[in-house]
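Enquirer: Coordinates in protein06.tsv, TSV, C-alpha atoms, are listed below.
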```tsv
chain	number	residue	atom	x	y	z
A	28	MET	CA	17.74	43.27	88.72
A	29	LYS	CA	16.10	46.68	88.73
A	30	GLU	CA	14.85	46.19	92.25
A	31	LYS	CA	18.31	45.29	93.42
A	32	LYS	CA	19.70	48.47	91.89
A	33	VAL	CA	17.13	50.69	93.54
A	34	ARG	CA	17.73	49.07	96.89
A	35	SER	CA	21.47	49.38	96.62
A	36	GLU	CA	21.10	53.06	95.78
A	37	ALA	CA	18.91	53.63	98.81
A	38	ARG	CA	21.49	51.86	100.93
A	39	GLY	CA	24.23	54.01	99.41
A	40	GLY	CA	22.29	57.15	100.37
A	41	GLY	CA	22.16	56.13	104.00
A	42	LYS	CA	25.83	55.26	103.94
A	43	ILE	CA	26.78	58.71	102.69
A	44	GLU	CA	24.97	60.18	105.66
A	45	GLN	CA	26.76	57.82	108.00
A	46	ILE	CA	30.13	58.78	106.56
A	47	ILE	CA	29.39	62.49	106.86
A	48	ASN	CA	28.21	62.14	110.44
A	49	LYS	CA	31.40	60.35	111.35
A	50	TYR	CA	33.43	63.51	110.66
A	51	GLN	CA	31.24	65.89	112.63
A	52	GLY	CA	32.50	69.45	112.36
A	53	ASP	CA	36.17	68.96	111.49
A	54	PRO	CA	36.95	71.08	108.41
A	55	SER	CA	40.43	69.59	108.00
A	56	SER	CA	38.99	66.16	107.26
A	57	LEU	CA	37.28	67.38	104.08
A	58	ILE	CA	39.41	65.42	101.63
A	59	GLN	CA	39.28	62.24	103.73
A	60	LEU	CA	35.53	62.50	103.88
A	61	LEU	CA	35.14	63.14	100.17
A	62	LEU	CA	37.41	60.20	99.41
A	63	GLU	CA	35.30	57.94	101.55
A	64	ILE	CA	32.08	59.02	99.83
A	65	GLN	CA	33.76	58.59	96.46
A	66	ARG	CA	34.84	55.07	97.41
A	67	GLU	CA	31.40	54.10	98.65
A	68	ASN	CA	29.30	55.80	96.00
A	69	ARG	CA	31.73	56.01	93.03
A	70	TRP	CA	30.86	59.69	92.58
A	71	LEU	CA	30.00	62.80	94.58
A	72	PRO	CA	26.39	63.92	94.19
A	73	ASN	CA	25.71	67.62	94.69
A	74	GLU	CA	23.29	66.83	97.51
A	75	ALA	CA	26.06	65.04	99.36
A	76	LEU	CA	28.41	68.01	98.90
A	77	LYS	CA	25.78	70.32	100.38
A	78	LYS	CA	25.45	68.06	103.39
A	79	VAL	CA	29.23	67.95	103.77
A	80	SER	CA	29.33	71.73	103.61
A	81	LYS	CA	26.79	72.04	106.39
A	82	THR	CA	28.33	69.41	108.65
A	83	LEU	CA	31.95	70.50	108.32
A	84	GLY	CA	31.27	74.22	108.09
A	85	VAL	CA	33.26	74.48	104.87
A	86	PRO	CA	31.82	76.78	102.15
A	87	LEU	CA	30.38	74.96	99.16
A	88	SER	CA	32.65	76.93	96.81
A	89	GLN	CA	35.69	75.53	98.57
A	90	ILE	CA	34.35	71.99	98.40
A	91	GLN	CA	33.75	72.44	94.67
A	92	HIS	CA	37.29	73.77	94.38
A	93	VAL	CA	38.73	70.65	96.01
A	94	ALA	CA	36.36	68.20	94.32
A	95	THR	CA	37.22	69.52	90.85
A	96	PHE	CA	40.94	69.81	91.56
A	97	TYR	CA	41.71	66.18	92.36
A	98	LYS	CA	41.20	63.54	89.74
A	99	ALA	CA	40.26	61.02	92.42
A	100	PHE	CA	36.87	62.73	92.70
A	101	SER	CA	34.09	62.57	90.17
A	102	LEU	CA	31.08	64.88	90.11
A	103	VAL	CA	29.28	62.76	87.53
A	104	PRO	CA	28.08	59.17	88.02
A	105	ARG	CA	30.63	56.54	87.12
A	106	GLY	CA	30.16	53.00	85.93
A	107	ARG	CA	30.47	49.88	88.08
A	108	HIS	CA	33.69	48.92	86.32
A	109	GLU	CA	36.49	51.37	85.64
A	110	VAL	CA	38.61	50.76	82.57
A	111	GLN	CA	41.80	52.70	81.99
A	112	VAL	CA	43.89	52.42	78.87
A	113	CYS	CA	47.41	53.81	79.04
A	114	LEU	CA	48.48	56.11	76.22
A	115	GLY	CA	51.80	57.15	77.71
A	116	THR	CA	54.78	57.29	75.35
A	117	ALA	CA	55.85	53.68	75.89
A	118	CYS	CA	52.33	52.26	75.65
A	119	HIS	CA	51.64	54.52	72.69
A	120	VAL	CA	54.49	53.08	70.62
A	121	ARG	CA	53.61	49.57	71.74
A	122	GLY	CA	50.06	49.84	70.44
A	123	GLY	CA	48.03	51.57	73.18
A	124	PRO	CA	45.85	53.41	70.65
A	125	ARG	CA	44.84	50.10	69.04
A	126	ILE	CA	43.77	48.75	72.44
A	127	LEU	CA	41.75	51.91	73.01
A	128	ASP	CA	40.09	51.65	69.60
A	129	ARG	CA	38.98	48.11	70.30
A	130	VAL	CA	37.73	48.89	73.81
A	131	GLU	CA	35.79	51.90	72.51
A	132	GLU	CA	34.25	49.70	69.86
A	133	ILE	CA	33.23	46.99	72.35
A	134	LEU	CA	31.78	49.36	74.92
A	135	GLY	CA	30.30	51.73	72.36
A	136	ILE	CA	31.65	54.82	74.14
A	137	GLN	CA	34.54	57.25	73.78
A	138	ALA	CA	37.30	57.69	76.33
A	139	GLY	CA	35.99	59.75	79.26
A	140	GLN	CA	32.44	58.47	78.93
A	141	THR	CA	30.27	56.00	80.83
A	142	THR	CA	28.01	53.42	79.25
A	143	THR	CA	24.28	54.15	79.57
A	144	ASP	CA	23.71	50.97	81.60
A	145	MET	CA	26.23	52.38	84.13
A	146	GLU	CA	28.43	49.29	83.82
A	147	PHE	CA	31.65	50.77	82.40
A	148	THR	CA	33.58	54.02	82.60
A	149	LEU	CA	36.41	54.32	80.10
A	150	GLU	CA	39.39	56.61	80.61
A	151	THR	CA	42.80	57.13	79.13
A	152	VAL	CA	45.80	57.74	81.36
A	153	ASN	CA	49.21	59.11	80.53
A	154	CYS	CA	51.50	56.72	82.38
A	155	LEU	CA	50.98	54.03	84.98
A	156	GLY	CA	54.65	53.63	85.80
A	157	CYS	CA	54.98	50.12	84.43
A	158	CYS	CA	56.16	50.93	80.92
A	159	ALA	CA	57.93	47.57	80.56
A	160	LEU	CA	54.47	45.96	80.57
A	161	GLY	CA	53.13	48.19	77.80
A	162	PRO	CA	50.58	48.40	76.38
A	163	VAL	CA	48.72	48.38	79.68
A	164	MET	CA	45.01	48.30	80.43
A	165	VAL	CA	43.71	48.53	83.99
A	166	VAL	CA	40.29	47.15	84.85
A	167	ASP	CA	38.99	47.84	88.35
A	168	GLY	CA	42.54	48.27	89.65
A	169	LYS	CA	43.85	45.06	88.06
A	170	TYR	CA	46.71	45.60	85.62
A	171	HIS	CA	46.73	43.75	82.33
A	172	GLY	CA	50.17	44.10	80.74
A	173	LYS	CA	51.41	43.36	77.21
A	174	ILE	CA	47.82	43.14	76.17
A	175	THR	CA	46.52	42.65	72.64
A	176	PRO	CA	43.19	43.98	71.35
A	177	THR	CA	41.80	40.44	71.37
A	178	GLU	CA	42.91	39.86	74.95
A	179	ALA	CA	41.42	43.21	75.98
A	180	GLU	CA	38.13	42.07	74.49
A	181	GLU	CA	38.30	38.81	76.45
A	182	VAL	CA	39.02	40.63	79.72
A	183	LEU	CA	36.00	42.89	79.25
A	184	LYS	CA	33.70	40.07	78.19
A	185	LYS	CA	34.55	38.10	81.34
A	186	LEU	CA	33.29	40.86	83.63
B	3	MET	CA	58.42	98.37	115.27
B	4	SER	CA	61.84	98.82	113.89
B	5	GLU	CA	62.40	101.07	110.97
B	6	ILE	CA	64.01	99.78	107.83
B	7	THR	CA	65.76	101.79	105.16
B	8	LEU	CA	65.81	100.52	101.64
B	9	GLN	CA	66.45	101.93	98.23
B	10	ILE	CA	63.75	102.05	95.59
B	11	ASP	CA	64.70	103.38	92.16
B	12	GLY	CA	67.72	105.11	93.67
B	13	ARG	CA	65.73	106.84	96.41
B	14	GLU	CA	66.12	106.18	100.11
B	15	VAL	CA	62.80	104.95	101.45
B	16	LYS	CA	61.92	104.37	105.07
B	17	ALA	CA	59.59	101.51	105.88
B	18	GLU	CA	58.42	99.53	108.85
B	19	GLU	CA	59.22	95.91	109.40
B	20	GLY	CA	56.63	93.59	107.91
B	21	MET	CA	55.65	95.94	105.10
B	22	THR	CA	55.83	94.70	101.55
B	23	ILE	CA	57.89	96.37	98.83
B	24	LEU	CA	54.64	97.54	97.25
B	25	GLU	CA	53.49	99.25	100.45
B	26	ALA	CA	56.86	100.87	100.94
B	27	ALA	CA	56.87	102.14	97.37
B	28	GLN	CA	53.34	103.48	97.63
B	29	SER	CA	54.15	105.33	100.85
B	30	ALA	CA	57.04	107.00	99.01
B	31	GLY	CA	54.86	107.86	96.03
B	32	ILE	CA	56.53	105.41	93.69
B	33	SER	CA	54.01	103.60	91.56
B	34	ILE	CA	54.17	99.89	90.78
B	35	PRO	CA	51.47	98.49	88.50
B	36	THR	CA	49.11	95.95	90.07
B	37	LEU	CA	46.13	93.94	88.91
B	38	CYS	CA	45.35	91.39	91.59
B	39	HIS	CA	46.10	93.69	94.53
B	40	HIS	CA	43.37	95.15	96.73
B	41	GLU	CA	43.81	97.07	99.97
B	42	LYS	CA	41.14	95.15	101.83
B	43	LEU	CA	42.44	91.74	100.80
B	44	GLU	CA	45.39	89.60	101.72
B	45	PRO	CA	48.22	89.78	99.18
B	46	TYR	CA	47.80	87.00	96.64
B	47	GLY	CA	50.55	87.30	94.03
B	48	ALA	CA	48.49	85.94	91.16
B	49	CYS	CA	49.07	88.39	88.33
B	50	ARG	CA	52.80	89.03	88.86
B	51	ILE	CA	52.52	92.36	87.10
B	52	CYS	CA	54.04	94.00	90.18
B	53	THR	CA	57.28	92.10	89.55
B	54	VAL	CA	60.34	94.15	90.52
B	55	GLU	CA	64.04	93.50	90.48
B	56	ILE	CA	65.73	93.34	93.86
B	57	GLU	CA	69.35	93.31	94.79
B	58	ALA	CA	70.35	91.80	98.11
B	59	HIS	CA	73.38	89.87	99.27
B	60	GLY	CA	75.09	90.56	95.94
B	61	ARG	CA	72.44	88.92	93.79
B	62	THR	CA	69.59	90.20	91.74
B	63	ASN	CA	66.25	88.51	91.62
B	64	LEU	CA	62.74	89.09	90.30
B	65	VAL	CA	60.07	89.08	93.01
B	66	ALA	CA	56.41	90.04	93.37
B	67	ALA	CA	56.36	93.42	95.14
B	68	CYS	CA	52.94	92.77	96.66
B	69	LEU	CA	54.28	89.79	98.60
B	70	TYR	CA	57.97	90.44	99.26
B	71	PRO	CA	58.70	91.89	102.71
B	72	VAL	CA	61.12	94.82	102.95
B	73	GLU	CA	64.64	94.21	104.17
B	74	GLN	CA	67.34	96.51	105.48
B	75	ASN	CA	69.49	97.90	102.64
B	76	LEU	CA	67.44	96.18	99.98
B	77	VAL	CA	67.89	97.70	96.53
B	78	VAL	CA	64.73	97.67	94.45
B	79	ARG	CA	64.35	98.61	90.81
B	80	THR	CA	60.74	99.01	89.72
B	81	ARG	CA	61.75	99.56	86.10
B	82	SER	CA	64.67	97.86	84.42
B	83	GLU	CA	65.13	96.12	81.14
B	84	LYS	CA	64.47	92.76	82.77
B	85	VAL	CA	61.41	93.96	84.67
B	86	ASP	CA	59.91	95.64	81.63
B	87	LYS	CA	60.42	92.56	79.50
B	88	THR	CA	58.85	90.31	82.13
B	89	ARG	CA	55.84	92.58	82.47
B	90	LYS	CA	55.49	92.76	78.70
B	91	VAL	CA	55.30	88.98	78.32
B	92	LEU	CA	52.93	88.68	81.28
B	93	LEU	CA	50.65	91.25	79.67
B	94	GLU	CA	50.77	89.47	76.34
B	95	LEU	CA	49.76	86.22	78.01
B	96	MET	CA	46.91	87.90	79.86
B	97	LEU	CA	45.80	89.71	76.72
B	98	ALA	CA	45.37	86.35	75.02
B	99	HIS	CA	42.59	85.73	77.55
B	100	ALA	CA	41.10	89.21	77.76
B	101	PRO	CA	42.14	91.16	74.64
B	102	ASP	CA	39.71	94.04	75.20
B	103	ALA	CA	40.25	94.69	78.90
B	104	ALA	CA	40.87	98.39	79.45
B	105	ALA	CA	43.20	97.89	82.41
B	106	LEU	CA	45.37	95.56	80.37
B	107	GLN	CA	45.41	97.75	77.29
B	108	ASP	CA	46.67	100.77	79.21
B	109	LEU	CA	49.52	98.71	80.60
B	110	ALA	CA	50.14	97.10	77.22
B	111	GLN	CA	50.70	100.48	75.67
B	112	GLU	CA	53.21	101.41	78.35
B	113	TYR	CA	55.20	98.19	78.04
B	114	GLY	CA	54.78	97.69	74.30
B	115	ALA	CA	52.92	94.44	74.65
B	116	ASP	CA	51.43	92.98	71.49
B	117	LYS	CA	47.97	91.60	72.19
B	118	ALA	CA	48.11	89.30	69.19
B	119	ARG	CA	51.39	87.66	70.12
B	120	PHE	CA	49.77	84.56	71.57
B	121	GLY	CA	46.75	82.84	70.10
B	122	LYS	CA	43.45	84.21	71.34
B	123	GLU	CA	41.86	82.17	74.08
B	124	SER	CA	39.17	84.53	75.19
B	125	SER	CA	37.99	83.53	78.61
B	126	PHE	CA	37.80	87.20	79.69
B	127	CYS	CA	39.32	86.09	82.98
B	128	ILE	CA	42.95	86.41	84.05
B	129	LEU	CA	42.32	84.46	87.27
B	130	CYS	CA	43.41	87.36	89.49
B	131	GLY	CA	41.00	86.01	92.11
B	132	LEU	CA	39.81	89.46	93.21
B	133	CYS	CA	36.14	88.47	93.05
B	134	VAL	CA	36.74	85.13	94.76
B	135	ARG	CA	38.84	86.62	97.52
B	136	TYR	CA	36.58	89.63	98.04
B	137	CYS	CA	33.57	87.37	98.46
B	138	ALA	CA	35.42	85.12	100.89
B	139	GLU	CA	37.42	87.66	102.89
B	140	VAL	CA	35.26	90.79	102.97
B	141	LYS	CA	31.71	89.59	102.41
B	142	LYS	CA	32.34	86.13	103.91
B	143	LYS	CA	29.73	84.62	101.60
B	144	ASN	CA	31.88	82.36	99.44
B	145	ALA	CA	29.38	82.58	96.62
B	146	ILE	CA	32.09	82.47	93.99
B	147	GLY	CA	35.03	80.15	93.69
B	148	PHE	CA	37.66	78.56	91.50
B	149	VAL	CA	37.03	75.17	89.96
B	150	ASP	CA	39.22	72.74	88.07
B	151	ARG	CA	42.93	73.30	87.61
B	152	GLY	CA	45.69	74.08	85.16
B	153	THR	CA	44.52	75.41	81.81
B	154	ARG	CA	40.92	74.52	82.62
B	155	ARG	CA	40.81	76.58	85.81
B	156	GLU	CA	37.89	79.00	85.94
B	157	VAL	CA	35.72	81.07	88.22
B	158	ILE	CA	32.13	80.04	88.89
B	159	PHE	CA	29.25	81.21	91.03
B	160	ILE	CA	27.81	78.51	93.27
B	161	PRO	CA	24.08	78.52	92.40
B	162	GLU	CA	22.94	77.54	95.90
B	163	ILE	CA	24.64	80.58	97.47
B	164	THR	CA	24.33	82.92	94.49
B	165	SER	CA	20.54	82.71	94.39
B	166	LYS	CA	20.38	83.93	97.97
B	167	GLU	CA	23.25	86.41	98.25
B	168	CYS	CA	24.32	87.91	94.95
B	169	TRP	CA	21.36	89.94	93.68
B	170	ASP	CA	21.72	92.60	96.34
B	171	CYS	CA	25.52	92.64	96.46
B	172	LYS	CA	27.36	92.41	93.15
B	173	GLU	CA	30.28	94.21	94.79
B	174	CYS	CA	32.71	91.93	93.00
B	175	PHE	CA	31.73	93.21	89.56
B	176	PRO	CA	33.57	96.56	89.62
B	177	LEU	CA	36.67	94.84	90.99
B	178	CYS	CA	37.14	92.82	87.82
B	179	PRO	CA	40.13	94.10	85.82
B	180	THR	CA	38.81	92.56	82.62
B	181	GLU	CA	35.10	92.33	81.93
B	182	ALA	CA	32.53	92.82	84.63
B	183	LEU	CA	30.06	91.61	82.04
B	184	GLN	CA	31.63	88.22	82.20
B	185	ALA	CA	30.76	88.05	85.87
B	186	THR	CA	27.18	88.96	85.02
B	187	PHE	CA	27.11	86.26	82.44
B	188	LEU	CA	28.43	83.66	84.85
B	189	LEU	CA	26.00	84.80	87.51
B	190	THR	CA	23.07	84.52	85.17
B	191	LYS	CA	24.23	81.14	84.01
B	192	ALA	CA	24.48	79.95	87.59
B	193	LEU	CA	20.95	81.15	88.30
B	194	MET	CA	19.55	79.56	85.18
B	195	SER	CA	20.86	76.12	86.05
B	196	PRO	CA	18.14	73.77	87.31
B	197	SER	CA	19.27	73.29	90.90
B	198	PRO	CA	18.74	76.63	92.75
B	199	PRO	CA	15.63	76.47	94.91
B	200	SER	CA	14.36	80.03	94.67
B	201	ALA	CA	15.89	81.74	91.67
B	202	PRO	CA	13.96	84.86	90.65
B	203	GLU	CA	12.32	84.44	87.25
B	204	SER	CA	13.78	87.63	85.81
B	205	GLU	CA	15.16	90.81	87.32
B	206	GLU	CA	14.48	93.52	84.78
```
Take the structure in this file and express it as structure tokens.

Expert:
Amino acid sequence: MKEKKVRSEARGGGKIEQIINKYQGDPSSLIQLLLEIQRENRWLPNEALKKVSKTLGVPLSQIQHVATFYKAFSLVPRGRHEVQVCLGTACHVRGGPRILDRVEEILGIQAGQTTTDMEFTLETVNCLGCCALGPVMVVDGKYHGKITPTEAEEVLKKL
Amino acid sequence: MSEITLQIDGREVKAEEGMTILEAAQSAGISIPTLCHHEKLEPYGACRICTVEIEAHGRTNLVAACLYPVEQNLVVRTRSEKVDKTRKVLLELMLAHAPDAAALQDLAQEYGADKARFGKESSFCILCGLCVRYCAEVKKKNAIGFVDRGTRREVIFIPEITSKECWDCKECFPLCPTEALQATFLLTKALMSPSPPSAPESEE
């Protein structure tokens, strides 16, 4: 298990380099490039940003500016599974906070944190645009509507 | 270059096409307060303290003098009830961030701004961007930049560049309209963080 993790990280490192090299010297492709690293690696390590800065000729301060501006980017490691619990108005009145409480209890972390084994990252969101399905929990991009705390627990246990 | 005539505070002022209201006013010796403006830098329009009232095509409007280009027959009022009120609120908002900034206090006295009107949120920074823009446009080092957005937006030194460039420059410090000390603090913090390769142990 450990060995597999180490190997996959090493592979990820090489992939970041490949992605950066693909965009040789085109400053306007900064966001596209960062998105691709984010997708591959689940977060943007500082070392990668330095490499991006060198290859694209974009100052590091500007890359930081962009990377902190968009929520799609993360500058801290994120878990293998992303869990989002909606606390928008509709989900809130339909019991979103209770779902969140249960998920926090199961994972042992607060919203915005990542479990120490790097398996889960928990976030709250303000509206997912499907209020009729409230309360909504999204796990790795899959929407679970009209969910109960018990069902939320089942979804997480199945992963 | 065609010449343009406009009216500022009831006076006829001649200006060249492409000038801003602020430049036209300054050439005529009319003062408009500014905070984020700097001669060597591109106009930015961050602080809005240079807001003036203009009258063109039968309408009045509030615009930033440092950005708005002059127009033929434009009527500009640098002080009016509306302008003064706008500047007062702007100052009160900025004072919530930097209550002890000398530049702000002078203006506050003139416009009757109450520094305690809004809850204190001392960040010492009004996000005028002078330091960031000076570093990028004049020094071309980009050692300092904005991060995050909205209410969490702030200015930081990038340790990797700061450790190489900033010790001998520090030209951004005197530009700061609030607290140059804050810049020092941020600089030190950046240098203390674990990543810079060759940060000097201590200066003094």

Enquirer: Find the residues in chain B near chain A: any atom within 7 Å counts, using all atoms listed in the file. Write them as a ChimeraX atom specification.

Expert: /B:144-151,160

Enquirer: List the spatial neighbours of segment 103-113 of chain A as a list in words - criterion: any atom at most 6 Å away, only C-alpha atoms, same-chain residues fewer than 3 positions off excluded.

Expert: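 Using only C-alpha atoms, the neighbours found are Trp70, Thr141, Met145, Glu146, Phe147, Thr148, Leu149, Glu150, Thr151, Val152, Asn153, Val163, Met164, Val165, Val166 and Asp167 of chain A.
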
Enquirer: Residues around (52.0, 102.5, 97.7), cut-off 12 Å, counting only C-alpha atoms - what are they as a PDB file with C-alpha atoms, keeping the file's coordinate frame?

Expert:
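Resulting contents of selection_31.pdb:
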```
ATOM      1  CA  ILE B  10      63.750 102.050  95.590  1.00  0.00           C
ATOM      2  CA  VAL B  15      62.800 104.950 101.450  1.00  0.00           C
ATOM      3  CA  ALA B  17      59.590 101.510 105.880  1.00  0.00           C
ATOM      4  CA  MET B  21      55.650  95.940 105.100  1.00  0.00           C
ATOM      5  CA  THR B  22      55.830  94.700 101.550  1.00  0.00           C
ATOM      6  CA  ILE B  23      57.890  96.370  98.830  1.00  0.00           C
ATOM      7  CA  LEU B  24      54.640  97.540  97.250  1.00  0.00           C
ATOM      8  CA  GLU B  25      53.490  99.250 100.450  1.00  0.00           C
ATOM      9  CA  ALA B  26      56.860 100.870 100.940  1.00  0.00           C
ATOM     10  CA  ALA B  27      56.870 102.140  97.370  1.00  0.00           C
ATOM     11  CA  GLN B  28      53.340 103.480  97.630  1.00  0.00           C
ATOM     12  CA  SER B  29      54.150 105.330 100.850  1.00  0.00           C
ATOM     13  CA  ALA B  30      57.040 107.000  99.010  1.00  0.00           C
ATOM     14  CA  GLY B  31      54.860 107.860  96.030  1.00  0.00           C
ATOM     15  CA  ILE B  32      56.530 105.410  93.690  1.00  0.00           C
ATOM     16  CA  SER B  33      54.010 103.600  91.560  1.00  0.00           C
ATOM     17  CA  ILE B  34      54.170  99.890  90.780  1.00  0.00           C
ATOM     18  CA  PRO B  35      51.470  98.490  88.500  1.00  0.00           C
ATOM     19  CA  THR B  36      49.110  95.950  90.070  1.00  0.00           C
ATOM     20  CA  HIS B  39      46.100  93.690  94.530  1.00  0.00           C
ATOM     21  CA  HIS B  40      43.370  95.150  96.730  1.00  0.00           C
ATOM     22  CA  GLU B  41      43.810  97.070  99.970  1.00  0.00           C
ATOM     23  CA  CYS B  52      54.040  94.000  90.180  1.00  0.00           C
ATOM     24  CA  ALA B  67      56.360  93.420  95.140  1.00  0.00           C
ATOM     25  CA  CYS B  68      52.940  92.770  96.660  1.00  0.00           C
TER      26      CYS B  68
END
```

Enquirer: Could you tell me how far atom CA of Arg135 of chain B lies from atom CA of Cys174 of chain B, in Å and to one decimal?

Expert: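 So the two atoms, atom CA of Arg135 of chain B and atom CA of Cys174 of chain B, lie 9.3 Å apart.
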
Enquirer: Could you name the residues that touch segment 76-91 of chain B at 6 Å or less, counting only C-alpha atoms, but leaving out those on the same chain fewer than 6 positions away, as a PyMOL selection string?

Expert: chain B and resi 8-11+51+54-58+113+115

Enquirer: Any idea what the distance is between atom CA of Leu37 of chain B and atom CA of Gly20 of chain B?

Expert: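 Going from atom CA of Leu37 of chain B over to atom CA of Gly20 of chain B, I get 21.7 Å.
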
Enquirer: Show me, as a ChimeraX atom specification, the residues that have an atom within 10 Å of Thr175 of chain A when counting all atoms listed in the file, minus same-chain residues fewer than 6 positions from it.

Expert: /A:121-123,125-126,129,162-164,181

Enquirer: For the residues selected in the previous step, produce a file with C-alpha atoms as a compact mmCIF listing (two decimals), in the frame of the given file.

Expert:
```txt
# COMPACT_ATOMS: atom_id res chain seq x y z
CA ARG A 121 53.61 49.57 71.74
CA GLY A 122 50.06 49.84 70.44
CA GLY A 123 48.03 51.57 73.18
CA ARG A 125 44.84 50.10 69.04
CA ILE A 126 43.77 48.75 72.44
CA ARG A 129 38.98 48.11 70.30
CA PRO A 162 50.58 48.40 76.38
CA VAL A 163 48.72 48.38 79.68
CA MET A 164 45.01 48.30 80.43
CA GLU A 181 38.30 38.81 76.45
```

Enquirer: I'd like the neighbourhood of Lys141 of chain B as a ChimeraX atom specification, where a residue qualifies if any of its atoms comes within 12 Å (using all atoms listed in the file), though same-chain residues fewer than 5 positions away should be ignored.

Expert: /B:42-43,133-136,146,167-168,171-174

Enquirer: Would you work out the distance separating atom CA of Leu92 of chain B from atom CA of Arg50 of chain B, expressed in Å to one decimal?

Expert: 7.6 Å

Enquirer: Got a sec to check which residues sit within 12 Å of (31.4, 64.0, 111.9), counting only C-alpha atoms, and write them as a list of chain:residue names?

Expert: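 It turns out the residues near that spot are A:Ile43, A:Glu44, A:Gln45, A:Ile46, A:Ile47, A:Asn48, A:Lys49, A:Tyr50, A:Gln51, A:Gly52, A:Asp53, A:Pro54, A:Ser55, A:Ser56, A:Leu57, A:Gln59, A:Leu60, A:Lys78, A:Val79, A:Ser80, A:Lys81, A:Thr82, A:Leu83, A:Gly84.
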
Enquirer: Go through B:Gln74, B:Gly121, B:Val140, B:Ile128 and flag the residue nearest Cys38 of chain B, using all atoms listed in the file for the distances.

Expert: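 Among the listed residues, B:Ile128 lies closest to Cys38 of chain B.
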
Enquirer: For the structure just given, write the atoms of segment 90-94 of chain A, namely all heavy atoms, as a tab-separated table (two decimals), in the first residue's frame.

Expert:
```tsv
chain	number	residue	atom	x	y	z
A	90	ILE	N	1.37	34.26	-10.64
A	90	ILE	CA	0.84	32.90	-10.57
A	90	ILE	C	0.14	32.69	-9.22
A	90	ILE	O	-0.93	32.10	-9.16
A	90	ILE	CB	1.97	31.87	-10.78
A	90	ILE	CG1	2.53	32.03	-12.19
A	90	ILE	CG2	1.48	30.45	-10.55
A	90	ILE	CD1	3.67	31.11	-12.51
A	91	GLN	N	0.77	33.20	-8.16
A	91	GLN	CA	0.14	33.10	-6.84
A	91	GLN	C	-1.20	33.82	-6.83
A	91	GLN	O	-2.18	33.37	-6.25
A	91	GLN	CB	1.05	33.75	-5.78
A	91	GLN	CG	2.33	33.00	-5.53
A	91	GLN	CD	2.20	31.96	-4.44
A	91	GLN	OE1	1.11	31.72	-3.95
A	91	GLN	NE2	3.30	31.34	-4.07
A	92	HIS	N	-1.20	34.99	-7.48
A	92	HIS	CA	-2.42	35.80	-7.58
A	92	HIS	C	-3.56	34.97	-8.20
A	92	HIS	O	-4.65	34.88	-7.65
A	92	HIS	CB	-2.10	37.02	-8.44
A	92	HIS	CG	-3.17	38.05	-8.51
A	92	HIS	ND1	-4.15	38.16	-7.54
A	92	HIS	CD2	-3.42	39.01	-9.42
A	92	HIS	CE1	-4.95	39.16	-7.86
A	92	HIS	NE2	-4.55	39.69	-9.00
A	93	VAL	N	-3.25	34.33	-9.32
A	93	VAL	CA	-4.25	33.54	-10.03
A	93	VAL	C	-4.63	32.29	-9.23
A	93	VAL	O	-5.80	31.97	-9.07
A	93	VAL	CB	-3.71	33.13	-11.42
A	93	VAL	CG1	-4.63	32.12	-12.09
A	93	VAL	CG2	-3.55	34.36	-12.31
A	94	ALA	N	-3.60	31.62	-8.69
A	94	ALA	CA	-3.84	30.35	-8.00
A	94	ALA	C	-4.65	30.53	-6.72
A	94	ALA	O	-5.35	29.63	-6.28
A	94	ALA	CB	-2.51	29.66	-7.70
```
